[in-house]
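Input: a single structure, listed below in structure tokens.
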Amino acid sequence: MKIVEYLFRKVIPLFLGALVFFGLVLVMVDLMMNLWNFISNGVPGLKVLRIMALYIPKCLWYATPIAILFAVSYTLSDLYANNELIAIFASGISLTRFTFPLLVFAFGMSFALFFFDDKVVVPTYAKKTAEQEEALKKDKSLNNDKIVILSENGNITYKAEFYDDTAKRLTGLYLIIRNEDKTLSSIIRADSASWREDKWILSGGIQYTQKDGTISVGSVTKESMERLTEPPETFQNNVISVETVDSKTAKVYIEHLQKAGLPFAEPLSLYYKKFAFPFILFIVVFLSVGLSGKTRKNVMLMSLASCISAAVLFYVTQMVTMLLAKFGAISPFMGAWFPVFMFVVIATVVLRYART
């Protein structure tokens, strides 16, 4: 237990220091990128500070993998350089056994990072974005035009010229209703439609119904009216980014896309990424254990270089697999999780040939 305590007494301060440093760098980069916009729009200093404060959780989330990789890599390399591990290995304790508490710590931190993102990062980053857009006078309209929406698994198609979000009103509306076997049932044309409680009320609606090869024209039937329950939010100009909402909201959004028959591969891969990305903490610690001790010179420089290289390699790999998932070359699950599986294998191989 003394050895474990000694190990964590060296790792934790370095981890916290690196976390603050890398987090501060990310905050300053964002501030520098938006500073001229803040100045030109006359945003008060306190408002800018509040916006930057709301960005801190996101920066800490980004910085955590690099910080823990640096802390573990530097600590182990320093122990090698000072010959402290020689005594540990001579006493019969292997590198794997010595660093096992760090791996357990990183595995637990991976779960903590997921919940930190879901409960803290997502809401604070949403507030930061909203307040920054408000301060920079970037108004976002929820009105939409040239809309095509699929509902009831593609059995109902809404086509509208314009959606007014304030009035909850569709204009220039066409509805194509199909049977369960996807054959055409009827077409409805309406001048407009207004949302009332739980369904759309049509104005100037005419229904063209096909039955037994003949087409009849008449008023919109009550049965058809009862099926027009697609909520107004579906028609808004507010495509949700799965990365900017919590996992529960993301799941509901993806279920809506599946129900509407819309493409969902990219959002689903981003949803899986929410669960896969936090395990980068476990991976980088695993890697740093295997990479440590490669040199006794320039320990800090080599540790910093190795942690940045490993992080960049992981991010690039995940970017490529996410693109492949987006275009359907691989499944959304593999798009998010393949880099994790691949780097676990790489870390295992590196550890196998590490100095002990």
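Letters for chains follow the order of the structure tokens (A, B, ...), residue numbers begin at 1 for each chain, and ligand numbers begin at 1 in the order shown.
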Distance query Pro278 (chain A) at most 7 Å, only C-alpha atoms, self and fewer than 3 positions along chain excluded, as an NGL selection string: :A and (110-111 or 113-114 or 275 or 281)
Option closest in space to Val312 (chain A), from A:Ile66, A:Ile147, A:Ile254, A:Ile93 [counting only C-alpha atoms]: A:Ile66
With only C-alpha atoms counted and 9 Å as the cut-off, give the residues of region 155-257 of chain A in contact with region 262-270 of chain A, each with its shortest interatomic distance in Å and the pair that gives it, as a Markdown table.
| residue | atom | partner | partner_atom | distance |
| --- | --- | --- | --- | --- |
| A:Ser241 | CA | A:Pro267 | CA | 7.6 |
| A:Val242 | CA | A:Pro267 | CA | 6.0 |
| A:Glu243 | CA | A:Leu270 | CA | 6.6 |
| A:Ala250 | CA | A:Pro267 | CA | 8.1 |
| A:Lys251 | CA | A:Leu268 | CA | 8.3 |
| A:Tyr253 | CA | A:Pro267 | CA | 8.7 |
| A:Ile254 | CA | A:Phe264 | CA | 6.4 |
| A:Glu255 | CA | A:Phe264 | CA | 8.8 |
| A:His256 | CA | A:Leu262 | CA | 8.5 |
| A:Leu257 | CA | A:Leu262 | CA | 5.0 |
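Among the candidates A:Ser224, A:Thr214, A:Gln132, A:Thr348, the residue lying nearest to Val289 (chain A) is A:Thr348 (atoms considered: only C-alpha atoms).
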For Leu136 (chain A): contacts at 9 Å, only C-alpha atoms, fewer than 3 positions along chain excluded, given as a PyMOL selection string: chain A and resi 37-38+40-43+131-133+139
Non-local contacts of Tyr158 (chain A) (12 Å; only C-alpha atoms; under 6 positions in same chain excluded) as a PyMOL selection string: chain A and resi 146-152+170-178+187-190+193+200+227-232+234-235+260
Long-range neighbours of Met334 (chain A) as a PyMOL selection string, 8 Å cut-off, only C-alpha atoms, 3 positions minimum in chain: chain A and resi 321+325+330-331+337-338
Restricted to N, CA and C atoms, what would the selected residues look like written as a PDB file, in the first residue's frame?
ATOM      1  N   THR A 321     -12.888   6.882 -38.662  1.00  0.00           N
ATOM      2  CA  THR A 321     -13.927   5.866 -38.494  1.00  0.00           C
ATOM      3  C   THR A 321     -15.319   6.494 -38.394  1.00  0.00           C
ATOM      4  N   ALA A 325     -18.475   5.709 -40.807  1.00  0.00           N
ATOM      5  CA  ALA A 325     -19.809   5.403 -40.295  1.00  0.00           C
ATOM      6  C   ALA A 325     -20.857   6.330 -40.902  1.00  0.00           C
ATOM      7  N   ILE A 330     -19.023   1.510 -42.543  1.00  0.00           N
ATOM      8  CA  ILE A 330     -19.026   0.649 -41.361  1.00  0.00           C
ATOM      9  C   ILE A 330     -20.230   1.017 -40.503  1.00  0.00           C
ATOM     10  N   SER A 331     -20.534   0.198 -39.526  1.00  0.00           N
ATOM     11  CA  SER A 331     -21.696   0.455 -38.671  1.00  0.00           C
ATOM     12  C   SER A 331     -21.422   1.628 -37.729  1.00  0.00           C
ATOM     13  N   TRP A 337     -16.572   2.864 -31.624  1.00  0.00           N
ATOM     14  CA  TRP A 337     -15.823   1.995 -30.717  1.00  0.00           C
ATOM     15  C   TRP A 337     -14.567   1.367 -31.319  1.00  0.00           C
ATOM     16  N   PHE A 338     -14.433   1.327 -32.651  1.00  0.00           N
ATOM     17  CA  PHE A 338     -13.263   0.686 -33.243  1.00  0.00           C
ATOM     18  C   PHE A 338     -11.944   1.292 -32.764  1.00  0.00           C
TER      19      PHE A 338
END
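Separating CA of Ala67 (chain A) from CA of Gly23 (chain A) is a distance of 9.2 Å.
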Separation of CA of Ile68 (chain A) from CA of Val285 (chain A) in Å: 7.1 Å
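Interatomic distance, CA of Asp164 (chain A) to CA of Glu197 (chain A): 16.4 Å.
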